[in-house]
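Trainee: Enclosed is the structure file upload.tsv (TSV, C-alpha atoms).
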```
chain	number	residue	atom	x	y	z
A	28	MET	CA	-32.83	15.08	15.79
A	29	VAL	CA	-32.08	18.28	17.72
A	30	LEU	CA	-28.91	20.07	16.73
A	31	MET	CA	-26.99	21.97	19.40
A	32	ARG	CA	-23.78	23.91	19.09
A	33	ASN	CA	-20.70	22.38	20.67
A	34	LEU	CA	-20.10	24.16	23.98
A	35	ASN	CA	-16.45	23.09	24.03
A	36	GLN	CA	-15.99	25.27	20.97
A	37	LEU	CA	-17.72	28.28	22.52
A	38	PRO	CA	-15.02	30.92	23.19
A	39	LYS	CA	-15.14	31.93	26.83
A	40	ALA	CA	-13.11	33.16	29.79
A	41	HIS	CA	-12.63	31.23	33.03
A	42	LEU	CA	-12.43	33.56	36.01
A	43	HIS	CA	-13.06	31.35	39.04
A	44	LEU	CA	-10.62	28.46	39.40
A	45	HIS	CA	-8.51	27.57	42.44
A	46	PHE	CA	-4.96	26.30	42.05
A	47	THR	CA	-5.17	23.01	43.99
A	48	GLY	CA	-8.80	22.53	43.00
A	49	SER	CA	-7.84	22.67	39.33
A	50	MET	CA	-5.75	19.51	39.60
A	51	ARG	CA	-6.58	16.45	37.52
A	52	VAL	CA	-7.48	13.41	39.61
A	53	THR	CA	-4.83	11.39	37.78
A	54	THR	CA	-2.21	13.99	38.67
A	55	LEU	CA	-3.31	13.96	42.30
A	56	ILE	CA	-2.90	10.18	42.44
A	57	GLU	CA	0.54	10.30	40.80
A	58	LEU	CA	1.80	13.07	43.09
A	59	ALA	CA	0.49	11.17	46.13
A	60	ALA	CA	2.40	8.08	45.03
A	61	GLU	CA	5.57	10.13	44.55
A	62	THR	CA	5.33	11.64	48.02
A	63	GLY	CA	4.10	8.50	49.78
A	64	ILE	CA	0.90	10.19	50.92
A	65	ARG	CA	-2.24	8.14	51.35
A	66	LEU	CA	-5.29	9.87	49.92
A	67	PRO	CA	-8.81	9.65	51.38
A	68	SER	CA	-11.24	7.70	49.21
A	69	THR	CA	-13.35	10.84	48.71
A	70	LEU	CA	-10.64	12.12	46.36
A	71	THR	CA	-10.28	8.97	44.26
A	72	ASP	CA	-13.66	7.20	44.18
A	73	ASP	CA	-15.05	8.90	41.03
A	74	GLU	CA	-17.82	10.47	43.10
A	75	ALA	CA	-18.13	14.24	43.32
A	76	LEU	CA	-17.90	15.62	46.84
A	77	HIS	CA	-21.36	16.61	48.10
A	78	VAL	CA	-21.76	18.21	51.53
A	79	PRO	CA	-24.47	20.15	53.36
A	80	ALA	CA	-24.24	23.94	53.55
A	81	ASN	CA	-23.28	24.09	57.22
A	82	GLN	CA	-20.11	24.15	59.30
A	83	ARG	CA	-19.86	20.36	59.31
A	84	GLY	CA	-20.20	20.27	55.55
A	85	TRP	CA	-17.54	22.92	55.09
A	86	PHE	CA	-15.21	20.99	57.40
A	87	ARG	CA	-15.59	17.92	55.18
A	88	PHE	CA	-14.89	20.01	52.08
A	89	GLN	CA	-11.85	21.68	53.68
A	90	ARG	CA	-10.48	18.36	54.90
A	91	SER	CA	-10.59	16.97	51.35
A	92	TYR	CA	-9.03	20.12	49.91
A	93	ASP	CA	-6.25	20.08	52.50
A	94	ALA	CA	-5.56	16.40	51.76
A	95	ALA	CA	-5.12	17.22	48.09
A	96	ARG	CA	-2.91	20.21	48.85
A	97	LYS	CA	-0.51	18.06	50.89
A	98	VAL	CA	0.76	16.28	47.78
A	99	VAL	CA	1.97	19.56	46.22
A	100	ARG	CA	5.49	19.66	47.65
A	101	THR	CA	7.81	20.52	44.79
A	102	GLU	CA	8.34	23.19	42.18
A	103	SER	CA	7.75	20.63	39.44
A	104	ALA	CA	4.39	19.69	40.96
A	105	MET	CA	3.31	23.33	41.05
A	106	ARG	CA	4.37	23.85	37.46
A	107	ARG	CA	2.56	20.71	36.36
A	108	ILE	CA	-0.70	21.82	37.97
A	109	ILE	CA	-0.60	25.21	36.25
A	110	HIS	CA	0.30	23.81	32.84
A	111	GLU	CA	-2.36	21.10	32.97
A	112	ALA	CA	-5.01	23.56	34.12
A	113	VAL	CA	-4.24	25.75	31.12
A	114	GLU	CA	-4.33	22.75	28.77
A	115	ASP	CA	-7.69	21.64	30.19
A	116	ASP	CA	-9.14	25.12	29.79
A	117	ALA	CA	-7.94	25.39	26.20
A	118	ARG	CA	-9.70	22.12	25.33
A	119	GLU	CA	-12.94	23.68	26.57
A	120	GLY	CA	-12.69	26.77	24.43
A	121	SER	CA	-11.33	29.09	27.08
A	122	ARG	CA	-9.41	32.05	25.72
A	123	ARG	CA	-8.52	33.44	29.15
A	124	LEU	CA	-7.86	31.77	32.50
A	125	GLU	CA	-7.53	33.69	35.75
A	126	ILE	CA	-6.36	31.20	38.35
A	127	GLN	CA	-6.18	32.05	42.03
A	128	ILE	CA	-3.71	30.90	44.62
A	129	ASP	CA	-2.66	31.51	48.22
A	130	PRO	CA	1.11	30.97	47.93
A	131	THR	CA	1.56	30.56	51.69
A	132	SER	CA	0.21	27.01	51.42
A	133	TYR	CA	3.14	25.91	49.24
A	134	ALA	CA	5.84	28.23	50.58
A	135	PRO	CA	7.41	25.70	53.04
A	136	TYR	CA	8.41	23.41	50.17
A	137	VAL	CA	9.92	25.93	47.75
A	138	GLY	CA	11.67	28.48	49.95
A	139	GLY	CA	8.96	30.97	50.87
A	140	ILE	CA	5.91	32.80	49.59
A	141	THR	CA	7.88	34.84	47.07
A	142	PRO	CA	9.41	31.81	45.29
A	143	ALA	CA	6.03	30.05	45.43
A	144	LEU	CA	4.33	32.93	43.63
A	145	GLU	CA	7.20	33.35	41.18
A	146	ILE	CA	6.96	29.68	40.20
A	147	VAL	CA	3.27	30.07	39.43
A	148	LEU	CA	3.78	33.29	37.49
A	149	ASP	CA	6.65	31.86	35.46
A	150	GLU	CA	4.72	28.72	34.54
A	151	ALA	CA	1.67	30.80	33.70
A	152	ARG	CA	3.82	32.71	31.21
A	153	ILE	CA	5.18	29.48	29.74
A	154	ALA	CA	1.73	27.89	29.50
A	155	SER	CA	0.28	31.02	27.90
A	156	ARG	CA	2.96	30.80	25.21
A	157	ASP	CA	2.83	27.04	24.69
A	158	VAL	CA	-0.93	26.47	24.89
A	159	GLY	CA	-2.06	29.72	23.31
A	160	ILE	CA	-4.47	31.18	25.86
A	161	ASP	CA	-3.98	34.14	28.21
A	162	VAL	CA	-3.30	33.28	31.85
A	163	GLY	CA	-3.53	35.81	34.66
A	164	VAL	CA	-2.92	35.05	38.35
A	165	ILE	CA	-5.03	36.17	41.30
A	166	VAL	CA	-3.44	36.14	44.75
A	167	ALA	CA	-6.09	35.20	47.29
A	168	ALA	CA	-5.93	35.62	51.05
A	169	SER	CA	-7.83	33.24	53.31
A	170	ARG	CA	-10.51	33.96	55.86
A	171	MET	CA	-9.06	31.10	57.91
A	172	LYS	CA	-5.91	33.17	58.57
A	173	HIS	CA	-5.25	36.44	60.34
A	174	PRO	CA	-6.05	39.63	58.38
A	175	LEU	CA	-2.43	40.73	58.87
A	176	ASP	CA	-1.39	37.78	56.73
A	177	ALA	CA	-3.60	39.19	54.01
A	178	ARG	CA	-1.68	42.48	54.10
A	179	THR	CA	1.56	40.57	53.53
A	180	LEU	CA	0.00	38.83	50.53
A	181	ALA	CA	-1.36	42.10	49.18
A	182	ARG	CA	2.11	43.67	49.28
A	183	LEU	CA	3.54	40.61	47.54
A	184	ALA	CA	0.83	40.71	44.89
A	185	ALA	CA	1.48	44.40	44.32
A	186	ARG	CA	5.14	43.69	43.49
A	187	TYR	CA	4.09	41.50	40.58
A	188	ALA	CA	1.06	43.45	39.40
A	189	GLY	CA	0.58	43.78	35.67
A	190	ASP	CA	-1.75	43.11	32.77
A	191	GLN	CA	0.36	40.67	30.77
A	192	PRO	CA	0.06	36.85	30.82
A	193	GLY	CA	1.87	35.49	33.85
A	194	GLU	CA	1.41	38.59	35.99
A	195	VAL	CA	-0.77	39.22	39.04
A	196	VAL	CA	-4.02	40.77	37.89
A	197	GLY	CA	-6.17	40.64	41.02
A	198	PHE	CA	-6.44	40.17	44.76
A	199	GLY	CA	-9.08	37.99	46.39
A	200	LEU	CA	-10.38	36.60	49.67
A	201	SER	CA	-11.52	32.99	49.81
A	202	ASN	CA	-12.53	30.17	52.14
A	203	ASP	CA	-15.47	29.96	54.55
A	204	GLU	CA	-17.48	33.19	54.29
A	205	ARG	CA	-18.66	32.71	57.88
A	206	ARG	CA	-15.17	33.20	59.30
A	207	GLY	CA	-13.98	36.57	60.55
A	208	GLU	CA	-15.41	40.05	60.13
A	209	THR	CA	-15.17	41.24	56.55
A	210	PRO	CA	-14.01	44.82	57.37
A	211	GLN	CA	-10.87	43.35	58.96
A	212	TRP	CA	-9.57	42.61	55.45
A	213	ALA	CA	-10.20	46.12	54.12
A	214	PRO	CA	-6.60	47.34	54.74
A	215	ALA	CA	-5.21	44.48	52.64
A	216	PHE	CA	-7.62	45.29	49.84
A	217	ALA	CA	-6.62	48.95	50.01
A	218	ILE	CA	-2.99	47.94	49.45
A	219	ALA	CA	-4.00	45.86	46.43
A	220	ALA	CA	-6.20	48.62	45.04
A	221	LYS	CA	-3.37	51.16	45.30
A	222	ALA	CA	-1.25	48.83	43.15
A	223	GLY	CA	-3.95	48.77	40.50
A	224	LEU	CA	-5.07	45.21	41.14
A	225	ALA	CA	-8.68	44.21	40.57
A	226	LEU	CA	-10.46	43.30	43.81
A	227	VAL	CA	-12.24	39.94	43.54
A	228	PRO	CA	-13.30	38.59	46.97
A	229	HIS	CA	-15.62	35.65	47.51
A	230	GLY	CA	-19.08	36.43	48.82
A	231	GLY	CA	-22.68	35.41	48.48
A	232	GLU	CA	-22.56	31.62	48.25
A	233	LEU	CA	-22.72	30.26	51.80
A	234	LEU	CA	-24.15	33.53	53.12
A	235	GLY	CA	-26.90	35.69	51.69
A	236	PRO	CA	-27.63	39.32	50.79
A	237	GLU	CA	-26.55	40.95	54.06
A	238	HIS	CA	-23.11	39.40	53.74
A	239	ILE	CA	-22.87	40.51	50.13
A	240	LYS	CA	-23.69	44.09	51.17
A	241	GLN	CA	-20.89	43.99	53.73
A	242	VAL	CA	-18.38	42.63	51.23
A	243	ILE	CA	-19.30	45.36	48.75
A	244	SER	CA	-19.17	48.19	51.29
A	245	SER	CA	-15.92	47.01	52.92
A	246	LEU	CA	-13.88	45.59	50.04
A	247	HIS	CA	-15.20	47.45	46.97
A	248	PRO	CA	-15.04	44.51	44.56
A	249	ARG	CA	-14.84	44.63	40.80
A	250	ARG	CA	-16.10	41.05	40.77
A	251	LEU	CA	-17.73	38.86	43.39
A	252	GLY	CA	-16.60	35.26	43.69
A	253	HIS	CA	-19.98	33.50	43.50
A	254	GLY	CA	-22.45	36.25	44.48
A	255	VAL	CA	-25.24	33.97	43.38
A	256	ARG	CA	-27.40	34.65	46.43
A	257	ALA	CA	-27.84	38.25	45.38
A	258	ALA	CA	-30.80	36.76	43.53
A	259	GLU	CA	-32.60	36.67	46.89
A	260	ASP	CA	-32.73	40.48	47.07
A	261	PRO	CA	-33.88	42.24	43.86
A	262	TYR	CA	-32.81	45.67	45.14
A	263	LEU	CA	-29.32	44.41	45.99
A	264	LEU	CA	-29.05	42.71	42.62
A	265	ASP	CA	-30.05	45.91	40.83
A	266	SER	CA	-27.43	47.77	42.87
A	267	ILE	CA	-24.76	45.25	41.88
A	268	VAL	CA	-25.68	45.74	38.23
A	269	ALA	CA	-25.61	49.52	38.62
A	270	GLN	CA	-22.14	49.34	40.17
A	271	ASN	CA	-20.85	47.15	37.31
A	272	ILE	CA	-19.85	44.37	39.70
A	273	SER	CA	-19.57	41.07	37.85
A	274	LEU	CA	-20.55	37.74	39.40
A	275	GLU	CA	-18.40	34.61	39.13
A	276	VAL	CA	-21.16	32.00	39.33
A	277	CYS	CA	-20.17	28.35	39.83
A	278	PRO	CA	-23.36	26.25	39.50
A	279	ALA	CA	-21.84	22.83	40.21
A	280	SER	CA	-20.06	24.19	43.29
A	281	ASN	CA	-23.33	25.69	44.54
A	282	VAL	CA	-24.94	22.25	44.42
A	283	GLN	CA	-22.01	20.22	45.75
A	284	LEU	CA	-21.65	22.58	48.72
A	285	GLY	CA	-25.35	22.24	49.51
A	286	VAL	CA	-26.45	25.78	48.70
A	287	TYR	CA	-29.01	24.43	46.22
A	288	ALA	CA	-30.45	20.92	46.11
A	289	ASP	CA	-30.20	20.66	42.35
A	290	ALA	CA	-28.56	22.51	39.48
A	291	SER	CA	-31.98	23.52	38.20
A	292	GLU	CA	-32.37	25.69	41.33
A	293	VAL	CA	-29.29	27.83	40.68
A	294	PRO	CA	-30.92	31.20	39.85
A	295	LEU	CA	-29.09	31.97	36.63
A	296	ARG	CA	-32.22	33.25	34.92
A	297	THR	CA	-32.97	35.66	37.77
A	298	LEU	CA	-29.45	37.07	37.66
A	299	LEU	CA	-29.52	37.46	33.89
A	300	ASP	CA	-33.00	38.97	33.80
A	301	HIS	CA	-31.75	41.74	36.10
A	302	GLY	CA	-28.88	42.43	33.73
A	303	ALA	CA	-26.09	40.96	35.85
A	304	GLN	CA	-22.77	40.32	34.13
A	305	VAL	CA	-22.22	36.64	34.92
A	306	ALA	CA	-19.05	34.64	34.32
A	307	LEU	CA	-19.49	30.91	34.83
A	308	GLY	CA	-16.67	29.12	36.66
A	309	ALA	CA	-15.75	25.60	37.78
A	310	ASP	CA	-14.31	26.55	41.21
A	311	ASP	CA	-12.71	23.22	42.24
A	312	PRO	CA	-13.14	20.55	39.54
A	313	LEU	CA	-10.83	18.17	41.43
A	314	LEU	CA	-13.47	17.84	44.15
A	315	PHE	CA	-16.66	18.51	42.21
A	316	LEU	CA	-15.69	16.60	39.02
A	317	SER	CA	-17.25	19.32	36.91
A	318	ARG	CA	-15.19	21.54	34.64
A	319	LEU	CA	-15.95	24.77	32.78
A	320	THR	CA	-18.01	23.46	29.87
A	321	ALA	CA	-20.19	21.55	32.32
A	322	GLN	CA	-21.29	24.87	33.82
A	323	TYR	CA	-22.56	25.97	30.40
A	324	GLU	CA	-24.29	22.61	30.04
A	325	ILE	CA	-26.12	23.32	33.30
A	326	ALA	CA	-27.23	26.66	31.87
A	327	ARG	CA	-28.40	24.92	28.70
A	328	ARG	CA	-30.44	22.42	30.73
A	329	GLN	CA	-32.06	25.37	32.49
A	330	GLY	CA	-33.41	26.41	29.10
A	331	LEU	CA	-30.91	29.01	27.92
A	332	SER	CA	-30.72	29.21	24.15
A	333	ASP	CA	-27.47	29.14	22.22
A	334	SER	CA	-27.79	32.89	21.78
A	335	GLU	CA	-28.10	33.31	25.56
A	336	LEU	CA	-25.16	30.96	26.13
A	337	ALA	CA	-23.14	33.11	23.75
A	338	ASP	CA	-24.14	36.14	25.84
A	339	LEU	CA	-22.86	34.33	28.96
A	340	ALA	CA	-19.55	33.72	27.23
A	341	ARG	CA	-19.39	37.37	26.19
A	342	SER	CA	-20.04	38.38	29.80
A	343	SER	CA	-17.16	36.21	30.98
A	344	ILE	CA	-14.85	37.83	28.45
A	345	ARG	CA	-15.96	41.35	29.35
A	346	ALA	CA	-15.56	40.61	33.07
A	347	SER	CA	-12.03	39.31	32.57
A	348	LEU	CA	-8.94	41.38	33.27
A	349	ALA	CA	-7.52	40.88	29.80
A	350	SER	CA	-6.57	43.70	27.45
A	351	ASP	CA	-9.28	45.47	25.47
A	352	SER	CA	-7.76	44.29	22.19
A	353	SER	CA	-7.87	40.65	23.32
A	354	LYS	CA	-11.45	41.03	24.49
A	355	ARG	CA	-12.50	42.43	21.09
A	356	ARG	CA	-10.87	39.48	19.32
A	357	TRP	CA	-12.51	36.90	21.56
A	358	LEU	CA	-15.92	38.57	21.32
A	359	GLY	CA	-15.57	38.23	17.56
A	360	ASP	CA	-14.84	34.53	18.04
A	361	VAL	CA	-18.11	34.19	19.97
A	362	ASP	CA	-19.99	35.80	17.08
A	363	THR	CA	-18.38	33.27	14.74
A	364	TRP	CA	-19.41	30.36	16.99
A	365	LEU	CA	-23.01	31.56	16.91
A	366	ALA	CA	-23.01	32.08	13.15
A	367	GLU	CA	-21.26	29.00	11.80
A	368	PRO	CA	-23.22	25.76	11.34
A	369	ASP	CA	-20.15	23.53	11.81
A	370	THR	CA	-20.30	24.17	15.56
A	371	TYR	CA	-23.39	21.96	15.80
A	372	LEU	CA	-23.49	18.59	17.53
A	373	PRO	CA	-26.29	16.01	17.16
```
Can the structure from this file be put into structure tokens for me?
Mentor:
Amino acid sequence: MVLMRNLNQLPKAHLHLHFTGSMRVTTLIELAAETGIRLPSTLTDDEALHVPANQRGWFRFQRSYDAARKVVRTESAMRRIIHEAVEDDAREGSRRLEIQIDPTSYAPYVGGITPALEIVLDEARIASRDVGIDVGVIVAASRMKHPLDARTLARLAARYAGDQPGEVVGFGLSNDERRGETPQWAPAFAIAAKAGLALVPHGGELLGPEHIKQVISSLHPRRLGHGVRAAEDPYLLDSIVAQNISLEVCPASNVQLGVYADASEVPLRTLLDHGAQVALGADDPLLFLSRLTAQYEIARRQGLSDSELADLARSSIRASLASDSSKRRWLGDVDTWLAEPDTYLP
């Protein structure tokens, strides 16, 4: 019998989770029934979405995501999604959740982008108190929209910037990396940076090293959403490490979006061997049916020892935007997980 420590009990931080994509399938079905919306079978058939890494594949992914987003039409639905996401993270040992949202998608149903963001922030505060883990919010602009829209979001995010649970801690840029010219979003990121927000754009999943270089030079990130394809350029990867840019790596997402054929191909070992600070994330568990602990299970199947898995958890905590005192406490919890025999599972 081989004994392995329980990865659900491993203290960790979750830094790459999208609001709609965090939804439970059961919640999606219930909200669809309440609103009278018919869902596509791809969202309810117990099969994870799997598409090729091309424009057609992304269209299929976006169509499913948009279908799920359509059921979120009330303040109570938005609050439910946040609270359940926090509960789910807590069950998987997460001490810190940083959830990202573009409030413009929900604004028409709750009175505008400001009320939409305020609902999320308020529920994040409530969930932090009730569930017992820290929750920060990242406002993310979309590459599918005009860069001027991103400036509006950056100004909104700046109004609610802070480092306490239920405040805006970062500003991101998501959606199809192939859309638009990255420098067009630099003014929005400058607004966010001036407000003291961490800059956390997506980059380096669908596109490779050259795109990552452009994201770094134009948007000056503290963390890269994904960034996994930096493994293809050792010099770039070393530069990322030297600049203290953390990588939010989402192995299941990489496979389900066709970047890698199998989870064994996700180059975690390469990233870690170069000294990269990696934080594993689930991205969109609603579509990929793979939550946070499952990402650590992928790393374990790749051959990472429990000590190395603990290092991954430490990296996620260090890369988070939590307070230094919280990070010290959680890092101590990781040490306890590694030391105590009652964390073993047969």
Trainee: Which is closest to Ile153 (chain A) among A:Gly359, A:Ile109, A:Ala340, A:Leu263, if we use all atoms listed in the file?
Mentor: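 Closest residue, counting all atoms listed in the file: A:Ile109.
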Trainee: So that I can see what lies close to Tyr187 (chain A), please list as JSON, numbers by chain the residues with an atom at most 9 Å from it, counting only C-alpha atoms and leaving out residues fewer than 3 positions away in the same chain.
Mentor: {"A": [145, 148, 183, 184, 194, 195, 196]}
Trainee: Kindly save the residues from that selection, with C-alpha atoms included, as an mmCIF file, in the coordinates of the input.
Mentor:
```
data_model
loop_
_atom_site.group_PDB
_atom_site.id
_atom_site.type_symbol
_atom_site.label_atom_id
_atom_site.label_comp_id
_atom_site.auth_asym_id
_atom_site.auth_seq_id
_atom_site.Cartn_x
_atom_site.Cartn_y
_atom_site.Cartn_z
ATOM 1 C CA GLU A 145 7.200 33.350 41.180
ATOM 2 C CA LEU A 148 3.780 33.290 37.490
ATOM 3 C CA LEU A 183 3.540 40.610 47.540
ATOM 4 C CA ALA A 184 0.830 40.710 44.890
ATOM 5 C CA GLU A 194 1.410 38.590 35.990
ATOM 6 C CA VAL A 195 -0.770 39.220 39.040
ATOM 7 C CA VAL A 196 -4.020 40.770 37.890
#
```
Trainee: Set the distance at 6 Å and use only C-alpha atoms: which residues neighbour region 161-169 of chain A once local chain neighbours fewer than 5 positions away are removed? I'd like the list as a tab-separated table (two decimals) with C-alpha atoms, in the frame of the given file.
Mentor:
```tsv
chain	number	residue	atom	x	y	z
A	123	ARG	CA	-8.52	33.44	29.15
A	124	LEU	CA	-7.86	31.77	32.50
A	125	GLU	CA	-7.53	33.69	35.75
A	126	ILE	CA	-6.36	31.20	38.35
A	127	GLN	CA	-6.18	32.05	42.03
A	128	ILE	CA	-3.71	30.90	44.62
A	129	ASP	CA	-2.66	31.51	48.22
A	151	ALA	CA	1.67	30.80	33.70
A	155	SER	CA	0.28	31.02	27.90
A	177	ALA	CA	-3.60	39.19	54.01
A	192	PRO	CA	0.06	36.85	30.82
A	193	GLY	CA	1.87	35.49	33.85
A	194	GLU	CA	1.41	38.59	35.99
A	195	VAL	CA	-0.77	39.22	39.04
A	196	VAL	CA	-4.02	40.77	37.89
A	197	GLY	CA	-6.17	40.64	41.02
A	198	PHE	CA	-6.44	40.17	44.76
A	199	GLY	CA	-9.08	37.99	46.39
A	200	LEU	CA	-10.38	36.60	49.67
A	201	SER	CA	-11.52	32.99	49.81
A	202	ASN	CA	-12.53	30.17	52.14
```
Trainee: May I have the residues within 7 Å of region 37-50 of chain A as a PyMOL selection string, using all atoms listed in the file and disregarding those fewer than 4 positions away in the same chain?
Mentor: chain A and resi 33+54-55+96+108+112+120-128+275+306+308-314+340-341+343-344+347+357+360-361+364
Trainee: Considering all atoms listed in the file, state which residue in the set A:Thr297, A:Asn281, A:Ser273, A:Thr131 is at the smallest distance from Asp260 (chain A).
Mentor: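 Closest to Asp260 (chain A) of all the choices is A:Thr297.
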Trainee: Check the smallest atom-to-atom distance from each of A:Leu274, A:Leu348, A:Ile325, A:Pro261 to Ser291 (chain A) using only C-alpha atoms, then report the winner.
Mentor: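 Counting only C-alpha atoms, the residue closest to Ser291 (chain A) is A:Ile325.
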Trainee: Calculated over all atoms listed in the file, which of the candidates A:Ala225, A:Ala154, A:Ala217, A:Leu331 has the smallest distance to Glu114 (chain A)?
Mentor: A:Ala154
Trainee: Have a look at A:Thr209, A:Gln270, A:Ser342, A:Ser280 and name the one nearest to Leu299 (chain A); count all atoms listed in the file.
Mentor: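 For Leu299 (chain A), the nearest of the given residues is A:Ser342.
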Trainee: Can you pull out the residues contacting region 82-86 of chain A? Cut-off 12 Å, using all atoms listed in the file, and skip same-chain residues under 2 positions away; I want them as a list in words.
Mentor: Leu76, His77, Val78, Pro79, Ala80, Phe88, Gln89, Arg90, Ser91, Tyr92, Asp93, Met171, Asn202, Asp203, Glu204, Arg205, Arg206, Leu233, Leu234, Gln283, Leu284, Gly285 and Val286 of chain A
Trainee: Between A:Ala185, A:Ala75, A:Val158, A:Val268, which residue has the minimum interatomic distance to Asp116 (chain A), considering all atoms listed in the file?
Mentor: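 Nearest to Asp116 (chain A): A:Val158.
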Trainee: Would you mind listing what lies within 7 Å of Arg106 (chain A) as a PDB file with C-alpha atoms, in the frame of the given file, with all atoms listed in the file counted and same-chain residues fewer than 2 positions away left out?
Mentor:
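As written to disk, around07.pdb reads:
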```
ATOM      1  CA  GLU A 102       8.340  23.190  42.180  1.00  0.00           C
ATOM      2  CA  SER A 103       7.750  20.630  39.440  1.00  0.00           C
ATOM      3  CA  ALA A 104       4.390  19.690  40.960  1.00  0.00           C
ATOM      4  CA  ILE A 108      -0.700  21.820  37.970  1.00  0.00           C
ATOM      5  CA  ILE A 109      -0.600  25.210  36.250  1.00  0.00           C
ATOM      6  CA  HIS A 110       0.300  23.810  32.840  1.00  0.00           C
ATOM      7  CA  ILE A 146       6.960  29.680  40.200  1.00  0.00           C
ATOM      8  CA  VAL A 147       3.270  30.070  39.430  1.00  0.00           C
ATOM      9  CA  GLU A 150       4.720  28.720  34.540  1.00  0.00           C
TER      10      GLU A 150
END
```
Trainee: Can you work out the spacing between CA of Arg296 (chain A) and CA of Glu232 (chain A) in Å, to one decimal?
Mentor: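 Going from CA of Arg296 (chain A) over to CA of Glu232 (chain A) covers 16.5 Å.
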